[in-house]
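Asker: So I've got this file, run-v4.cif, and it contains mmCIF, C-alpha atoms:
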```cif
data_run
loop_
_atom_site.label_atom_id
_atom_site.label_comp_id
_atom_site.auth_asym_id
_atom_site.auth_seq_id
_atom_site.Cartn_x
_atom_site.Cartn_y
_atom_site.Cartn_z
CA MET A 7 75.55 93.01 126.56
CA ALA A 8 74.61 96.67 126.62
CA GLU A 9 72.50 97.92 123.73
CA ARG A 10 74.58 99.16 120.79
CA MET A 11 75.01 102.91 120.92
CA LYS A 12 73.38 104.55 117.90
CA THR A 13 75.83 106.55 115.83
CA LYS A 14 75.69 108.43 112.57
CA GLU A 15 75.69 106.23 109.45
CA ILE A 16 78.79 106.71 107.30
CA HIS A 17 79.16 105.21 103.82
CA ILE A 18 82.63 103.90 103.00
CA GLY A 19 82.63 102.72 99.42
CA ASN A 20 80.09 99.89 99.22
CA ARG A 21 79.91 99.41 103.00
CA VAL A 22 78.16 101.32 105.78
CA ILE A 23 79.15 101.69 109.42
CA GLY A 24 77.22 103.22 112.29
CA GLY A 25 73.51 103.09 112.98
CA ASP A 26 72.18 99.54 113.14
CA ASN A 27 74.79 98.21 110.72
CA PRO A 28 77.03 95.28 111.70
CA ILE A 29 80.45 95.95 113.20
CA LEU A 30 82.89 95.71 110.30
CA ILE A 31 86.40 94.25 110.40
CA GLN A 32 89.39 96.18 109.12
CA SER A 33 93.06 95.50 108.55
CA MET A 34 96.02 97.29 106.99
CA CYS A 35 98.35 96.03 104.27
CA ASN A 36 102.02 95.63 105.17
CA THR A 37 103.07 95.69 101.51
CA LYS A 38 104.49 98.74 99.79
CA THR A 39 101.43 100.40 98.28
CA GLU A 40 103.50 101.30 95.23
CA ASP A 41 103.83 97.56 94.57
CA VAL A 42 100.36 97.16 93.11
CA GLU A 43 100.64 93.44 92.39
CA ALA A 44 101.74 92.52 95.92
CA THR A 45 99.19 94.84 97.52
CA VAL A 46 96.30 93.48 95.45
CA ALA A 47 97.33 89.90 96.22
CA GLN A 48 97.33 90.62 99.94
CA ILE A 49 93.97 92.42 99.82
CA LEU A 50 92.33 89.55 97.91
CA ALA A 51 93.61 87.10 100.53
CA LEU A 52 92.25 89.35 103.29
CA GLU A 53 88.90 89.60 101.52
CA LYS A 54 88.70 85.81 101.43
CA ALA A 55 89.48 85.66 105.15
CA GLY A 56 86.63 88.06 105.96
CA CYS A 57 88.11 91.56 105.87
CA ASP A 58 85.44 94.22 105.26
CA ILE A 59 87.58 97.36 104.85
CA ILE A 60 91.29 97.62 104.02
CA ARG A 61 93.78 100.43 104.66
CA VAL A 62 97.04 101.15 102.87
CA ALA A 63 99.90 103.49 103.71
CA VAL A 64 100.32 106.50 101.45
CA PRO A 65 103.77 107.98 102.18
CA THR A 66 104.51 109.06 98.58
CA MET A 67 102.79 110.43 95.50
CA GLU A 68 103.52 107.13 93.77
CA ALA A 69 101.58 105.34 96.50
CA ALA A 70 98.68 107.77 96.12
CA GLY A 71 98.64 107.16 92.38
CA ALA A 72 98.64 103.39 92.88
CA ILE A 73 95.26 103.55 94.61
CA SER A 74 93.35 103.82 91.32
CA LYS A 75 95.09 100.69 89.99
CA ILE A 76 94.51 98.74 93.19
CA LYS A 77 90.84 99.73 93.36
CA LYS A 78 90.11 98.17 89.97
CA GLN A 79 91.18 94.74 91.22
CA ILE A 80 89.61 94.50 94.70
CA HIS A 81 86.07 94.33 96.06
CA ILE A 82 86.16 96.04 99.47
CA PRO A 83 86.55 99.73 100.39
CA LEU A 84 90.09 101.13 100.36
CA VAL A 85 91.26 103.60 103.00
CA ALA A 86 94.32 105.80 102.51
CA ASP A 87 96.48 106.35 105.60
CA ILE A 88 98.04 109.81 105.51
CA HIS A 89 100.59 111.46 107.76
CA PHE A 90 102.12 114.95 107.56
CA ASP A 91 101.72 115.86 103.86
CA TYR A 92 98.24 117.20 103.10
CA ARG A 93 98.93 116.93 99.37
CA LEU A 94 99.06 113.14 99.69
CA ALA A 95 95.55 113.16 101.17
CA ILE A 96 94.24 115.19 98.25
CA ALA A 97 95.99 112.96 95.71
CA ALA A 98 94.66 109.80 97.40
CA ILE A 99 91.09 111.08 97.27
CA GLU A 100 91.47 112.05 93.63
CA SER A 101 92.90 108.59 92.93
CA GLY A 102 89.75 106.91 94.29
CA ALA A 103 90.27 106.27 98.01
CA ASP A 104 86.97 105.42 99.71
CA LYS A 105 88.08 107.05 102.96
CA ILE A 106 91.15 108.81 104.27
CA ARG A 107 92.71 108.57 107.70
CA ILE A 108 94.42 111.71 108.96
CA ASN A 109 95.47 113.30 112.22
CA PRO A 110 94.77 116.98 111.55
CA GLY A 111 97.37 117.79 114.19
CA ASN A 112 100.21 116.51 112.02
CA ILE A 113 98.79 117.74 108.71
CA GLY A 114 99.77 121.30 109.52
CA SER A 115 97.90 124.61 109.41
CA GLU A 116 94.12 124.89 109.34
CA GLU A 117 94.49 126.13 105.75
CA ARG A 118 96.03 122.78 104.78
CA VAL A 119 93.38 120.86 106.67
CA LYS A 120 90.76 122.92 104.80
CA ALA A 121 92.29 121.93 101.47
CA VAL A 122 91.92 118.26 102.43
CA VAL A 123 88.38 118.74 103.75
CA ASP A 124 87.30 120.62 100.61
CA THR A 125 88.56 117.76 98.43
CA ALA A 126 86.86 115.15 100.62
CA LYS A 127 83.63 117.14 100.42
CA LYS A 128 83.89 117.37 96.62
CA TYR A 129 84.25 113.60 96.26
CA GLY A 130 81.98 112.63 99.18
CA VAL A 131 84.80 110.76 100.89
CA PRO A 132 84.62 110.31 104.68
CA ILE A 133 87.51 111.33 106.90
CA ARG A 134 88.67 109.18 109.79
CA VAL A 135 90.05 111.50 112.45
CA GLY A 136 92.70 109.44 114.19
CA VAL A 137 94.42 110.35 117.45
CA ASN A 138 96.88 108.02 119.21
CA SER A 139 98.21 108.42 122.73
CA GLY A 140 101.71 108.68 121.27
CA SER A 141 100.79 111.80 119.28
CA LEU A 142 99.04 113.71 122.06
CA GLU A 143 99.80 117.44 122.03
CA LYS A 144 102.13 118.89 124.68
CA ASN A 145 99.54 121.33 126.00
CA LEU A 146 97.13 118.46 126.75
CA ILE A 147 99.87 116.41 128.38
CA GLU A 148 100.61 119.39 130.63
CA LYS A 149 96.90 120.05 131.28
CA TYR A 150 96.20 116.48 132.44
CA GLY A 151 99.59 115.75 133.98
CA GLY A 152 100.61 113.15 131.42
CA VAL A 153 99.05 111.08 128.66
CA THR A 154 95.50 110.32 129.79
CA ALA A 155 92.19 109.12 128.40
CA GLU A 156 90.76 112.57 129.02
CA GLY A 157 93.53 114.19 127.00
CA ILE A 158 93.09 111.77 124.08
CA VAL A 159 89.35 112.46 123.98
CA GLU A 160 89.81 116.24 124.13
CA SER A 161 92.39 116.08 121.34
CA ALA A 162 90.08 114.08 119.09
CA LEU A 163 87.04 116.25 119.73
CA ASP A 164 89.07 119.43 119.09
CA LYS A 165 90.03 118.08 115.66
CA VAL A 166 86.47 117.02 114.91
CA ALA A 167 85.27 120.51 115.84
CA MET A 168 87.83 122.03 113.46
CA ILE A 169 86.55 119.92 110.54
CA GLU A 170 82.95 120.70 111.46
CA ARG A 171 83.79 124.43 111.37
CA LEU A 172 85.05 123.82 107.85
CA GLY A 173 81.59 122.56 106.96
CA TYR A 174 82.07 118.79 106.93
CA ASP A 175 80.58 116.08 109.11
CA ASN A 176 81.23 112.91 107.10
CA LEU A 177 83.49 111.68 109.87
CA VAL A 178 84.68 108.60 111.74
CA ILE A 179 86.65 108.92 114.98
CA SER A 180 89.55 106.75 116.10
CA ILE A 181 91.22 107.10 119.50
CA LYS A 182 93.83 104.52 120.33
CA SER A 183 96.39 103.68 122.96
CA SER A 184 98.68 100.73 123.59
CA ASP A 185 97.57 101.00 127.24
CA VAL A 186 94.49 98.77 127.26
CA MET A 187 92.63 100.30 130.20
CA MET A 188 93.42 103.85 129.07
CA CYS A 189 91.95 102.93 125.70
CA VAL A 190 88.84 101.50 127.36
CA ARG A 191 88.39 104.62 129.47
CA ALA A 192 88.83 106.91 126.46
CA HIS A 193 86.10 105.08 124.55
CA GLU A 194 83.76 105.20 127.50
CA LEU A 195 84.27 108.96 127.69
CA ILE A 196 84.01 109.80 123.99
CA SER A 197 80.95 107.63 123.39
CA LYS A 198 79.01 110.00 125.62
CA LYS A 199 80.25 113.10 123.78
CA THR A 200 79.83 112.33 120.08
CA HIS A 201 77.41 110.75 117.62
CA TYR A 202 80.09 109.84 115.07
CA PRO A 203 80.92 106.16 114.52
CA LEU A 204 84.00 104.88 116.33
CA HIS A 205 86.83 102.84 114.85
CA VAL A 206 88.06 100.76 117.78
CA GLY A 207 91.39 99.06 118.36
CA ILE A 208 94.31 98.69 120.72
CA THR A 209 97.20 100.27 118.85
CA GLU A 210 100.65 98.67 118.81
CA ALA A 211 99.16 95.72 120.68
CA GLY A 212 102.19 93.55 120.00
CA THR A 213 102.96 90.09 118.66
CA LEU A 214 100.45 87.37 117.85
CA SER A 215 100.46 86.09 121.41
CA SER A 216 100.47 89.25 123.55
CA GLY A 217 98.65 91.34 120.95
CA ASN A 218 95.74 88.94 120.80
CA ILE A 219 95.34 88.94 124.56
CA LYS A 220 95.48 92.74 124.83
CA SER A 221 93.09 93.17 121.90
CA ALA A 222 90.62 90.57 123.17
CA VAL A 223 90.52 92.18 126.62
CA GLY A 224 90.34 95.77 125.39
CA LEU A 225 87.96 95.26 122.49
CA GLY A 226 85.88 92.86 124.57
CA ILE A 227 85.28 95.44 127.30
CA ILE A 228 84.56 98.24 124.83
CA LEU A 229 82.26 96.25 122.56
CA TYR A 230 80.44 94.68 125.51
CA GLN A 231 79.35 98.19 126.49
CA GLY A 232 77.75 98.72 123.09
CA ILE A 233 80.57 100.98 121.90
CA GLY A 234 82.20 100.64 118.49
CA ASP A 235 81.21 100.43 114.83
CA THR A 236 84.30 99.01 113.15
CA ILE A 237 87.38 97.29 114.60
CA ARG A 238 90.96 96.45 113.84
CA VAL A 239 93.09 94.01 115.80
CA SER A 240 96.62 95.44 115.43
CA LEU A 241 99.19 92.65 115.44
CA THR A 242 102.89 92.49 114.60
CA GLY A 243 102.60 89.80 111.97
CA ASP A 244 100.55 88.58 109.03
CA PRO A 245 97.43 90.77 108.57
CA LEU A 246 95.44 87.58 107.98
CA GLU A 247 95.85 86.84 111.69
CA GLU A 248 94.17 90.18 112.47
CA ILE A 249 91.07 89.09 110.58
CA LYS A 250 90.93 85.70 112.30
CA SER A 251 91.24 87.33 115.72
CA ALA A 252 88.68 90.04 115.00
CA LYS A 253 86.15 87.45 113.84
CA ARG A 254 86.71 85.35 116.96
CA ILE A 255 86.24 88.39 119.22
CA LEU A 256 82.99 89.39 117.51
CA LYS A 257 81.64 85.82 117.49
CA THR A 258 82.54 85.29 121.15
CA LEU A 259 80.55 88.41 122.05
CA GLY A 260 77.63 87.30 119.89
CA LEU A 261 78.11 90.26 117.56
CA ARG A 262 78.69 88.17 114.44
CA LYS A 263 77.04 84.94 113.37
CA GLY A 264 78.18 82.23 111.00
CA GLY A 265 81.41 80.35 110.70
CA ILE A 266 82.53 77.28 112.57
CA GLU A 267 83.40 77.47 116.25
CA VAL A 268 86.11 75.02 117.27
CA VAL A 269 86.25 73.91 120.90
CA SER A 270 89.05 71.69 122.16
CA CYS A 271 90.18 70.36 125.53
CA PRO A 272 93.46 71.51 127.12
CA THR A 273 95.03 67.98 127.06
CA CYS A 274 96.07 65.93 130.07
CA GLY A 275 97.97 62.76 130.91
CA ARG A 276 95.17 60.61 129.47
CA THR A 277 95.69 62.01 125.96
CA GLN A 278 97.24 59.47 123.61
CA ILE A 279 96.84 61.23 120.26
CA ASP A 280 98.52 64.38 118.96
CA LEU A 281 95.63 66.53 120.13
CA ILE A 282 97.48 69.84 119.85
CA GLY A 283 98.46 69.14 116.26
CA LEU A 284 94.99 67.85 115.38
CA ALA A 285 93.20 70.84 116.95
CA ASN A 286 95.38 73.29 115.01
CA LYS A 287 94.79 71.41 111.76
CA VAL A 288 91.03 71.40 112.39
CA GLU A 289 91.03 75.13 113.12
CA ASN A 290 92.81 75.84 109.84
CA MET A 291 90.68 73.38 107.89
CA VAL A 292 87.31 74.82 108.96
CA THR A 293 88.10 78.27 107.56
CA GLU A 294 86.97 77.04 104.14
CA PHE A 295 83.51 76.37 105.62
CA ASP A 296 82.87 79.88 106.96
CA HIS A 297 79.35 79.79 105.49
CA LEU A 298 78.35 77.08 107.99
CA ASN A 299 77.15 78.00 111.47
CA LEU A 300 78.37 74.95 113.38
CA LYS A 301 80.32 73.87 116.45
CA VAL A 302 83.13 71.33 116.12
CA ALA A 303 84.69 69.65 119.18
CA VAL A 304 88.20 68.20 119.27
CA MET A 305 88.60 66.19 122.47
CA GLY A 306 91.62 64.30 123.77
CA CYS A 307 90.21 61.13 125.29
CA VAL A 308 87.13 58.94 125.58
CA VAL A 309 86.56 59.77 129.27
CA ASN A 310 84.97 63.17 128.72
CA GLY A 311 85.23 63.40 124.94
CA PRO A 312 81.90 61.89 123.85
CA GLY A 313 80.02 63.81 126.52
CA GLU A 314 81.67 67.13 125.72
CA ALA A 315 81.24 66.58 121.98
CA ARG A 316 77.55 65.83 122.42
CA GLU A 317 76.76 69.54 122.46
CA ALA A 318 78.69 70.08 119.23
CA ASP A 319 77.45 69.38 115.71
CA PHE A 320 80.53 67.29 114.92
CA GLY A 321 83.44 66.10 117.00
CA VAL A 322 86.30 63.72 117.47
CA ALA A 323 87.46 62.09 120.71
CA GLY A 324 90.87 60.49 120.96
CA GLY A 325 91.76 56.99 122.09
CA ILE A 326 95.04 55.05 121.86
CA LYS A 327 96.36 56.19 118.47
CA GLU A 328 92.76 56.21 117.27
CA GLY A 329 89.60 58.16 117.87
CA LEU A 330 85.82 58.36 117.65
CA LEU A 331 83.98 60.41 115.05
CA ILE A 332 80.90 61.93 116.66
CA LYS A 333 77.92 63.51 114.88
CA HIS A 334 75.18 65.33 116.82
CA GLY A 335 76.15 63.50 120.00
CA GLU A 336 76.19 60.03 118.47
CA VAL A 337 79.33 57.98 117.82
CA VAL A 338 79.51 57.36 114.07
CA ARG A 339 82.60 55.16 113.91
CA LYS A 340 86.08 54.47 115.25
CA LEU A 341 89.04 55.55 113.09
CA PRO A 342 92.84 55.51 113.14
CA GLU A 343 94.31 58.80 114.37
CA SER A 344 95.64 59.54 110.88
CA ASP A 345 92.12 59.46 109.39
CA LEU A 346 90.31 61.69 111.89
CA LEU A 347 90.94 65.02 110.14
CA GLN A 348 89.75 63.85 106.71
CA ALA A 349 86.73 62.09 108.21
CA LEU A 350 85.75 65.31 109.95
CA ARG A 351 86.28 67.27 106.75
CA ALA A 352 84.07 64.84 104.83
CA GLU A 353 81.23 65.49 107.28
CA LEU A 354 81.63 69.25 106.81
CA VAL A 355 81.62 68.88 103.01
CA LYS A 356 78.38 66.90 103.30
CA ALA A 357 76.85 69.53 105.61
CA SER A 358 77.89 72.25 103.17
CA GLU A 359 76.28 70.47 100.23
CA GLU A 360 73.08 69.91 102.20
CA GLN A 361 72.91 73.60 103.15
CA LYS A 362 73.46 74.74 99.56
CA ALA A 363 70.77 72.36 98.32
CA LYS A 364 68.35 73.68 100.95
CA GLU A 365 69.10 77.29 100.04
CA ALA A 366 68.63 76.54 96.34
CA LYS A 367 65.28 74.89 97.05
CA GLU A 368 64.10 77.83 99.17
CA ALA A 369 65.16 80.28 96.46
CA LYS A 370 62.83 78.66 93.89
#
```
Could I get this structure in the form of structure tokens?
Answerer:
Amino acid sequence: MAERMKTKEIHIGNRVIGGDNPILIQSMCNTKTEDVEATVAQILALEKAGCDIIRVAVPTMEAAGAISKIKKQIHIPLVADIHFDYRLAIAAIESGADKIRINPGNIGSEERVKAVVDTAKKYGVPIRVGVNSGSLEKNLIEKYGGVTAEGIVESALDKVAMIERLGYDNLVISIKSSDVMMCVRAHELISKKTHYPLHVGITEAGTLSSGNIKSAVGLGIILYQGIGDTIRVSLTGDPLEEIKSAKRILKTLGLRKGGIEVVSCPTCGRTQIDLIGLANKVENMVTEFDHLNLKVAVMGCVVNGPGEAREADFGVAGGIKEGLLIKHGEVVRKLPESDLLQALRAELVKASEEQKAKEAKEAK
């Protein structure tokens, strides 16, 4: 991988992005922000899954006011997403938002943008300047002959320059497109023209299936070049899936350690257990052991299974309605198919207890 590009450090609540800090994972609630109970419940679930920063929509004054109530019950920074009404941005900041996301182009006059910037400056709240390909100004579309990466970058930097003229540089930049390669090109361009941290994502990526593929390709290319300080995988579905996908992308690129990596074979005619069902159950089960840095193999048959599982910490290899439990390359025992999941879980529980005991001993 290319060396991470050094960007300005920006404090967002109790987290920091930019500089040498880890790439943080974000998501956005799909609850009504005014419904404090539902929003808090979703945020707490996202926290547990590994979300570092959460964003909520603020379309009304009631939503802005709810921020203070939500903040008291969560543990990660809260970002207010604002469109059109500058007064909502001011109210959200005053209500305790740790960051606001605006597109100065749809906030209105520079006087209104100044009112938002002055409030952000007063409270020390960073502003995420967000520009999407779908909101590109007509003059830039005409200049570049359509929606282009160059136009997106120019639009974003124009808005950054406006806020800088107003005396504020506590900024994060976000430039997104649903066109994966346009998004990649835009990030390559802007990374050479700014020192502000970049929030990276493929906007409107789509459903769980297509959205994951587009996000993995786009984010993979961008992050591999050392670009990006915080990411969101935008999926049409449960926000929890965004966190799972973001973690997998970062771990695959070697940008985040910890957690259990599950490897499984693609199945073939030799498979005589429900490998697909078992692999999915294992993947869900291991999420409770995110503090362990292990590899778990779920293999379909005894032809390649033991060999493939040898490189994993733990594994199972299927037989005829039964399977082998494998630990550090050695076959531990043969079990009925119905017992494989719980046997694997028992090994992970034991590994977890051993790690906690070791950490406690080292802490003394």
Asker: Fewer than 3 positions away in the same chain doesn't count, so skip those; otherwise give me all residues within 9 Å of Gly306 in chain A, counting all atoms listed in the file, as a ChimeraX atom specification.
Answerer: /A:270-274,276-282,309-311,322-325,329
Asker: Using the selection just defined, write its residues with C-alpha atoms as a CSV table (one decimal), in the coordinates of the input.
Answerer:
```
chain,number,residue,atom,x,y,z
A,270,SER,CA,89.0,71.7,122.2
A,271,CYS,CA,90.2,70.4,125.5
A,272,PRO,CA,93.5,71.5,127.1
A,273,THR,CA,95.0,68.0,127.1
A,274,CYS,CA,96.1,65.9,130.1
A,276,ARG,CA,95.2,60.6,129.5
A,277,THR,CA,95.7,62.0,126.0
A,278,GLN,CA,97.2,59.5,123.6
A,279,ILE,CA,96.8,61.2,120.3
A,280,ASP,CA,98.5,64.4,119.0
A,281,LEU,CA,95.6,66.5,120.1
A,282,ILE,CA,97.5,69.8,119.8
A,309,VAL,CA,86.6,59.8,129.3
A,310,ASN,CA,85.0,63.2,128.7
A,311,GLY,CA,85.2,63.4,124.9
A,322,VAL,CA,86.3,63.7,117.5
A,323,ALA,CA,87.5,62.1,120.7
A,324,GLY,CA,90.9,60.5,121.0
A,325,GLY,CA,91.8,57.0,122.1
A,329,GLY,CA,89.6,58.2,117.9
```
Asker: Determine the residue membership of the PyMOL selection byres ((chain A and resi 232) around 8) for the file above and supply it as JSON, numbers by chain.
Answerer: {"A": [7, 8, 9, 10, 11, 228, 229, 230, 231, 233, 234]}
Asker: Closest to Thr37 in chain A among A:Ser141, A:Thr200, A:Met188, A:Pro245, using only C-alpha atoms?
Answerer: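 Selected residue with least distance to Thr37 in chain A: A:Pro245.
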Asker: Rank nothing, just name the residue among A:Lys301, A:Arg238, A:Lys253, A:Lys367 nearest to Gly335 in chain A, using all atoms listed in the file.
Answerer: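 Answer, going by the shortest atom-to-atom distance: A:Lys301.
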Asker: To verify the selection step, state as a ChimeraX atom specification which residues the PyMOL selection byres ((chain A and resi 48) around 12) yields on this input.
Answerer: /A:33-39,41-47,49-55,57,60-62,76,79-80,244-246
Asker: Can I get the selected residues back with C-alpha atoms, as a compact mmCIF listing (two decimals), in the coordinates of the input?
Answerer:
```txt
# COMPACT_ATOMS: atom_id res chain seq x y z
CA SER A 33 93.06 95.50 108.55
CA MET A 34 96.02 97.29 106.99
CA CYS A 35 98.35 96.03 104.27
CA ASN A 36 102.02 95.63 105.17
CA THR A 37 103.07 95.69 101.51
CA LYS A 38 104.49 98.74 99.79
CA THR A 39 101.43 100.40 98.28
CA ASP A 41 103.83 97.56 94.57
CA VAL A 42 100.36 97.16 93.11
CA GLU A 43 100.64 93.44 92.39
CA ALA A 44 101.74 92.52 95.92
CA THR A 45 99.19 94.84 97.52
CA VAL A 46 96.30 93.48 95.45
CA ALA A 47 97.33 89.90 96.22
CA ILE A 49 93.97 92.42 99.82
CA LEU A 50 92.33 89.55 97.91
CA ALA A 51 93.61 87.10 100.53
CA LEU A 52 92.25 89.35 103.29
CA GLU A 53 88.90 89.60 101.52
CA LYS A 54 88.70 85.81 101.43
CA ALA A 55 89.48 85.66 105.15
CA CYS A 57 88.11 91.56 105.87
CA ILE A 60 91.29 97.62 104.02
CA ARG A 61 93.78 100.43 104.66
CA VAL A 62 97.04 101.15 102.87
CA ILE A 76 94.51 98.74 93.19
CA GLN A 79 91.18 94.74 91.22
CA ILE A 80 89.61 94.50 94.70
CA ASP A 244 100.55 88.58 109.03
CA PRO A 245 97.43 90.77 108.57
CA LEU A 246 95.44 87.58 107.98
```
